[in-house]
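Structure file data-v4.txt (compact mmCIF, C-alpha atoms) is printed below.
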# COMPACT_ATOMS: atom_id res chain seq x y z
CA MET A 1 123.08 100.35 84.37
CA ALA A 2 122.87 98.04 87.38
CA ASP A 3 126.65 98.28 87.86
CA LEU A 4 126.54 102.07 87.48
CA ALA A 5 123.69 102.33 89.98
CA ASP A 6 125.81 100.47 92.55
CA GLU A 7 128.92 102.59 91.89
CA ASP A 8 127.39 106.03 91.28
CA PRO A 9 123.59 106.21 91.75
CA ASP A 10 123.51 109.95 91.06
CA HIS A 11 125.10 109.47 87.65
CA ALA A 12 122.80 106.55 86.89
CA LEU A 13 119.70 108.56 87.81
CA ALA A 14 120.84 111.57 85.77
CA MET A 15 121.38 109.36 82.71
CA LEU A 16 117.96 107.73 83.11
CA ALA A 17 116.31 111.13 83.47
CA ASP A 18 117.90 112.28 80.21
CA MET A 19 116.94 109.01 78.49
CA ARG A 20 113.31 109.47 79.59
CA SER A 21 112.97 112.17 76.90
CA ALA A 22 114.63 110.12 74.14
CA THR A 23 112.98 110.23 70.72
CA ASP A 24 113.18 106.43 70.65
CA GLN A 25 109.94 105.61 72.47
CA GLN A 26 111.03 102.09 73.38
CA LEU A 27 114.22 103.40 74.97
CA ALA A 28 112.26 106.10 76.82
CA ALA A 29 109.83 103.51 78.19
CA ILE A 30 112.66 101.26 79.41
CA ALA A 31 114.39 104.24 81.03
CA ALA A 32 111.12 105.19 82.77
CA ARG A 33 110.71 101.69 84.26
CA ILE A 34 114.29 101.49 85.51
CA ALA A 35 114.27 105.08 86.79
CA GLY A 36 111.06 104.49 88.72
CA ARG A 37 112.52 101.50 90.56
CA LEU A 38 115.86 103.17 91.25
CA VAL A 39 114.28 106.41 92.46
CA LEU A 40 112.08 104.54 94.94
CA ASP A 41 115.05 102.51 96.18
CA VAL A 42 117.17 105.62 96.76
CA ALA A 43 114.29 107.42 98.49
CA ARG A 44 113.51 104.70 101.06
CA VAL A 45 115.48 106.11 103.96
CA GLY A 46 114.07 107.28 107.29
CA PRO A 47 110.87 106.68 109.25
CA ARG A 48 107.70 105.89 107.37
CA GLN A 49 104.29 107.08 108.50
CA ALA A 50 101.67 104.34 108.64
CA ARG A 51 99.33 104.01 105.68
CA GLY A 52 95.58 104.32 105.77
CA ILE A 53 93.01 107.06 106.16
CA GLY A 54 93.61 107.02 109.90
CA THR A 55 93.49 104.74 112.89
CA MET A 56 90.37 104.01 114.91
CA VAL A 57 91.15 104.54 118.59
CA SER A 58 89.23 104.78 121.86
CA SER A 59 89.69 107.93 123.97
CA PRO A 60 88.09 109.65 127.00
CA ALA A 61 84.75 111.25 126.10
CA ASP A 62 85.55 114.43 128.01
CA ARG A 63 88.42 115.18 125.62
CA PHE A 64 87.38 113.72 122.27
CA GLU A 65 84.27 113.52 120.10
CA GLY A 66 83.08 110.28 118.57
CA ASP A 67 80.75 107.33 118.91
CA LEU A 68 80.27 105.77 122.33
CA ASP A 69 82.60 102.82 122.94
CA LEU A 70 80.11 100.70 124.88
CA GLU A 71 82.60 98.03 125.92
CA ARG A 72 85.03 100.49 127.49
CA SER A 73 82.23 102.67 128.94
CA LEU A 74 80.19 99.87 130.51
CA ASP A 75 81.73 100.11 134.01
CA GLY A 76 81.13 103.85 134.19
CA LEU A 77 77.52 103.47 133.03
CA VAL A 78 76.80 100.69 135.53
CA GLN A 79 78.34 102.60 138.45
CA ALA A 80 76.46 105.79 137.61
CA ARG A 81 73.15 103.91 137.33
CA ALA A 82 73.73 102.08 140.62
CA ALA A 83 74.47 105.36 142.40
CA GLY A 84 71.55 107.15 140.74
CA GLU A 85 73.92 109.82 139.45
CA LEU A 86 74.64 111.36 136.08
CA VAL A 87 77.48 109.61 134.35
CA ASP A 88 80.76 111.52 134.26
CA ALA A 89 82.08 111.99 130.72
CA ALA A 90 85.56 111.14 132.01
CA ASP A 91 84.27 107.65 132.80
CA LEU A 92 83.10 107.12 129.20
CA SER A 93 85.09 106.35 126.08
CA VAL A 94 84.39 107.21 122.44
CA ARG A 95 85.79 105.70 119.27
CA HIS A 96 87.15 108.09 116.67
CA TRP A 97 89.59 108.30 113.77
CA THR A 98 93.02 109.76 114.40
CA ARG A 99 94.39 112.16 111.84
CA PRO A 100 97.58 111.53 109.83
CA ALA A 101 100.52 112.86 111.81
CA THR A 102 102.17 114.81 108.98
CA ALA A 103 101.16 116.32 105.64
CA VAL A 104 103.87 117.33 103.16
CA THR A 105 103.78 119.49 100.05
CA LEU A 106 106.88 119.38 97.86
CA VAL A 107 107.39 122.50 95.74
CA VAL A 108 109.88 122.06 92.88
CA ASP A 109 111.49 125.03 91.15
CA ARG A 110 111.53 124.24 87.42
CA SER A 111 112.75 127.65 86.24
CA GLY A 112 115.92 127.69 84.17
CA SER A 113 117.52 124.53 82.87
CA MET A 114 116.14 121.16 84.00
CA SER A 115 119.06 118.80 83.42
CA GLY A 116 118.99 115.08 84.07
CA ARG A 117 120.59 115.60 87.48
CA ARG A 118 118.03 118.23 88.54
CA LEU A 119 115.14 116.11 87.30
CA ALA A 120 116.44 113.06 89.14
CA THR A 121 116.89 115.07 92.35
CA ALA A 122 113.31 116.32 92.15
CA ALA A 123 112.04 112.79 91.48
CA VAL A 124 113.87 111.36 94.50
CA ALA A 125 112.54 114.21 96.65
CA ALA A 126 108.97 113.40 95.60
CA ALA A 127 109.44 109.71 96.32
CA ALA A 128 111.02 110.48 99.69
CA CYS A 129 108.10 112.74 100.65
CA ALA A 130 105.67 110.00 99.60
CA TYR A 131 107.59 107.54 101.75
CA ARG A 132 107.50 109.85 104.77
CA ALA A 133 103.81 110.82 104.43
CA PRO A 134 102.17 108.23 102.15
CA ILE A 135 98.58 109.25 102.88
CA ASP A 136 98.90 113.04 102.79
CA TRP A 137 101.35 114.50 100.27
CA SER A 138 101.38 116.62 97.15
CA VAL A 139 103.88 117.82 94.56
CA LEU A 140 103.87 121.20 92.82
CA ALA A 141 106.22 122.42 90.08
CA PHE A 142 106.61 126.10 89.34
CA ALA A 143 108.31 128.71 87.23
CA ASP A 144 106.17 131.69 86.16
CA ARG A 145 103.10 129.56 86.95
CA VAL A 146 102.36 126.61 89.21
CA ILE A 147 101.24 123.16 88.14
CA ALA A 148 100.04 120.40 90.46
CA VAL A 149 101.84 117.16 89.60
CA LYS A 150 99.89 115.56 92.47
CA SER A 151 97.25 117.27 94.60
CA GLN A 152 96.95 116.70 98.34
CA ASP A 153 93.72 114.71 98.00
CA ASP A 154 94.77 112.87 94.83
CA THR A 155 95.54 109.13 94.93
CA ARG A 156 98.25 109.04 92.26
CA SER A 157 101.06 106.57 92.88
CA PRO A 158 104.62 107.72 93.62
CA THR A 159 105.77 105.95 90.45
CA ALA A 160 103.42 108.02 88.27
CA VAL A 161 104.51 111.24 89.99
CA VAL A 162 108.17 110.36 89.54
CA ASP A 163 107.64 109.74 85.83
CA ASP A 164 105.90 113.10 85.40
CA LEU A 165 108.75 114.89 87.14
CA LEU A 166 111.31 113.18 84.91
CA ARG A 167 109.52 114.66 81.90
CA LEU A 168 109.51 118.25 83.19
CA ARG A 169 111.13 120.92 81.07
CA GLY A 170 112.63 124.15 82.35
CA GLN A 171 110.90 127.51 82.14
CA GLY A 172 112.15 131.07 82.37
CA THR A 173 111.03 133.28 85.27
CA THR A 174 110.50 132.30 88.91
CA ASP A 175 107.31 133.27 90.78
CA LEU A 176 108.21 132.07 94.27
CA ALA A 177 105.26 133.84 95.92
CA ALA A 178 102.72 132.06 93.71
CA ALA A 179 104.36 128.71 94.46
CA LEU A 180 104.19 129.24 98.22
CA ARG A 181 100.56 130.39 98.01
CA ALA A 182 99.74 127.22 96.07
CA ALA A 183 101.49 125.12 98.71
CA ALA A 184 99.44 126.74 101.47
CA SER A 185 96.28 126.04 99.48
CA GLN A 186 97.19 122.36 99.13
CA LEU A 187 97.90 121.97 102.85
CA GLU A 188 94.59 123.60 103.76
CA ARG A 189 92.94 120.44 102.40
CA SER A 190 94.75 118.30 104.96
CA ARG A 191 93.52 117.23 108.39
CA ALA A 192 97.04 116.45 109.61
CA LYS A 193 98.36 117.95 112.83
CA ARG A 194 101.65 118.93 111.20
CA ARG A 195 101.73 120.58 107.75
CA VAL A 196 105.11 121.02 106.09
CA THR A 197 106.08 122.77 102.87
CA VAL A 198 109.32 121.42 101.38
CA LEU A 199 110.70 123.90 98.85
CA MET A 200 113.37 122.85 96.33
CA SER A 201 114.78 126.11 95.01
CA ASP A 202 117.59 128.62 95.07
CA CYS A 203 114.87 131.04 96.33
CA ARG A 204 115.77 133.70 93.78
CA ALA A 205 112.44 135.13 92.62
CA THR A 206 112.39 137.02 89.30
CA THR A 207 108.68 137.81 89.00
CA GLY A 208 105.50 138.00 91.05
CA ALA A 209 104.76 139.37 94.51
CA GLU A 210 107.07 139.51 97.51
CA ALA A 211 107.54 135.94 98.78
CA LEU A 212 108.74 136.63 102.33
CA PRO A 213 105.34 137.53 103.88
CA ILE A 214 103.75 134.43 102.35
CA ALA A 215 106.57 132.19 103.55
CA ARG A 216 106.21 133.52 107.09
CA ARG A 217 102.53 132.53 107.14
CA LEU A 218 103.22 128.87 106.35
CA ASP A 219 102.92 126.44 109.24
CA GLU A 220 106.37 125.03 108.59
CA LEU A 221 108.84 125.60 105.75
CA CYS A 222 111.89 123.50 104.88
CA ILE A 223 114.20 124.39 101.99
CA LEU A 224 116.38 122.06 99.92
CA ALA A 225 118.87 124.26 98.06
CA PRO A 226 121.43 123.38 95.35
CA ALA A 227 124.83 123.10 97.00
CA ASP A 228 126.54 125.12 94.26
CA ASP A 229 124.05 128.00 94.50
CA ASP A 230 122.59 128.12 97.99
CA ALA A 231 123.44 131.62 99.27
CA ASP A 232 120.05 133.16 98.48
CA ALA A 233 118.20 130.14 99.86
CA ILE A 234 120.14 130.28 103.12
CA GLU A 235 119.37 134.00 103.47
CA PHE A 236 115.69 133.42 102.64
CA ALA A 237 115.50 130.65 105.24
CA ARG A 238 117.09 132.88 107.87
CA SER A 239 114.60 135.67 107.11
CA VAL A 240 111.52 133.47 107.52
CA GLY A 241 112.74 131.05 110.20
CA ALA A 242 112.84 128.05 107.87
CA ARG A 243 115.21 125.09 108.04
CA VAL A 244 117.54 124.64 105.07
CA ALA A 245 119.80 121.91 103.72
CA SER A 246 122.13 122.09 100.73
CA ILE A 247 122.15 119.13 98.36
CA ASP A 248 124.53 118.12 95.60
CA GLY A 249 122.62 115.25 94.00
CA PRO A 250 119.71 112.81 94.19
CA SER A 251 121.27 110.41 96.68
CA GLU A 252 121.66 113.21 99.25
CA ILE A 253 117.92 113.93 99.34
CA PRO A 254 116.80 111.32 101.93
CA ALA A 255 119.37 112.38 104.54
CA ALA A 256 118.72 116.08 103.87
CA LEU A 257 114.98 115.55 104.20
CA LEU A 258 115.54 113.77 107.50
CA ARG A 259 117.57 116.71 108.77
CA VAL A 260 115.04 119.40 107.89
CA LEU A 261 111.93 117.43 108.87
CA ASP A 262 113.25 116.00 112.12
CA ALA A 263 115.27 118.98 113.34

If you took the structure in this file and wrote it as structure tokens, what would it be?
Amino acid sequence: MADLADEDPDHALAMLADMRSATDQQLAAIAARIAGRLVLDVARVGPRQARGIGTMVSSPADRFEGDLDLERSLDGLVQARAAGELVDAADLSVRHWTRPATAVTLVVDRSGSMSGRRLATAAVAAAACAYRAPIDWSVLAFADRVIAVKSQDDTRSPTAVVDDLLRLRGQGTTDLAAALRAAASQLERSRAKRRVTVLMSDCRATTGAEALPIARRLDELCILAPADDDADAIEFARSVGARVASIDGPSEIPAALLRVLDA
């Protein structure tokens, strides 16, 4: 498997995804451990947002709210007192938490067949989103209904999310509108300045409401479409002003995500 991962990581990931559902529980557990490591390795491409709830910074009091930063405000206080004048807020500083720069919600289409290759591609996408926005990310999977693999305010590890995605099974119909509404709901929980929905789908809805009006109301939509069936996704992206990239396998996810997020 190590040799195969070096020569053809997409094939290796697809095999591991299929092995994750093996009836031999020991084999399935081994496949899960190896797949988790390989998925995270493949996904680690591109800039990483700093971890943590936020960063404590000091900013001018006339532009930000927070607690008085006495050390940085001392000169302004002393000068105002000496002159017998009211202190100017521009001469004071407050300490406050910055918000995470980016929040990401990954929405995975699980309608139809979920082969090892599709499962592996979804798993790498989740890991790549976690790498890009480690403090503010979520993963949804949908067909005729939507399930939250990881909520925006959940603290689940990328490894656990990857393992859940590798165990997904395909469903029948595709309710794209419900999936996009759920993505908007997840991002409403975020305090990030930038809120991005990353949709992995061919964008061919077969049930539910009209998806276009919902997609247009999202702050930012990026679409990762299957390279062998991307016509509808490209047209959907054009209609709503979204960015789109076509992908042929798991190893293409990091570069595609860079293109749509950093365009």

Distance of atom CA of Gly172 of chain A from atom CA of Arg204 of chain A, expressed in Å to one decimal place: 12.3 Å

Proximity to Leu199 of chain A - best of A:Val57, A:Cys222, A:Leu13, A:Ile253, all atoms listed in the file: A:Cys222

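Every protein, DNA or RNA residue with an atom at most 7 Å from segment 235-247 of chain A, where all atoms listed in the file count and chain neighbours fewer than 4 positions away do not, is listed here: Cys203, Leu212, Ala215, Arg216, Leu221, Cys222, Ile223, Leu224, Ala225, Pro226, Ala227, Asp230, Ala231, Glu252, Ile253, Ala256 and Val260 of chain A.
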
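Here atom CA of His11 of chain A is placed at a distance of 23.8 Å from atom CA of Val139 of chain A.
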
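Picture a line from atom CA of Glu188 of chain A to atom CA of Ala143 of chain A; it runs 22.1 Å.
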
8 Å contact set for segment 150-158 of chain A, all atoms listed in the file, chain neighbours under 5 positions out, as a count of residues only: 13

Minimum-distance residue to Gly249 of chain A, chosen among A:Lys193, A:Arg118, A:Arg37, A:Arg44 (using all atoms listed in the file): A:Arg118

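Shell of Arg181 of chain A at 12 Å, with all atoms listed in the file counted and residues fewer than 2 places along the chain excluded, is Thr105, Val107, Leu140, Phe142, Arg145, Val146, Asp175, Leu176, Ala177, Ala178, Ala179, Ala183, Ala184, Ser185, Gln186, Leu187, Glu188, Thr197, Gly208, Ala209, Glu210, Ala211, Leu212, Pro213, Ile214, Ala215, Arg216, Arg217 and Leu218 of chain A.
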
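Comparing A:Leu180, A:Ala43, A:Leu92, A:Met200 by their smallest distance to Ala80 of chain A, the closest is A:Leu92 (using all atoms listed in the file).
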
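Minimum atom-to-atom distances from A:Ser73, A:Thr207, A:Ser115, A:Thr121 to Ala35 of chain A were compared using only C-alpha atoms, and the lowest value belongs to A:Thr121.
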
Pick from A:Gln171, A:Ser59, A:Ser21, A:Ser93, whichever lies nearest to Asp75 of chain A using all atoms listed in the file: A:Ser93

Polymer residues at most 9 Å from (106.7, 113.6, 105.4) by only C-alpha atoms, as a ChimeraX atom specification: /A:47-49,101-105,128-134,136-137,195-196,257,261
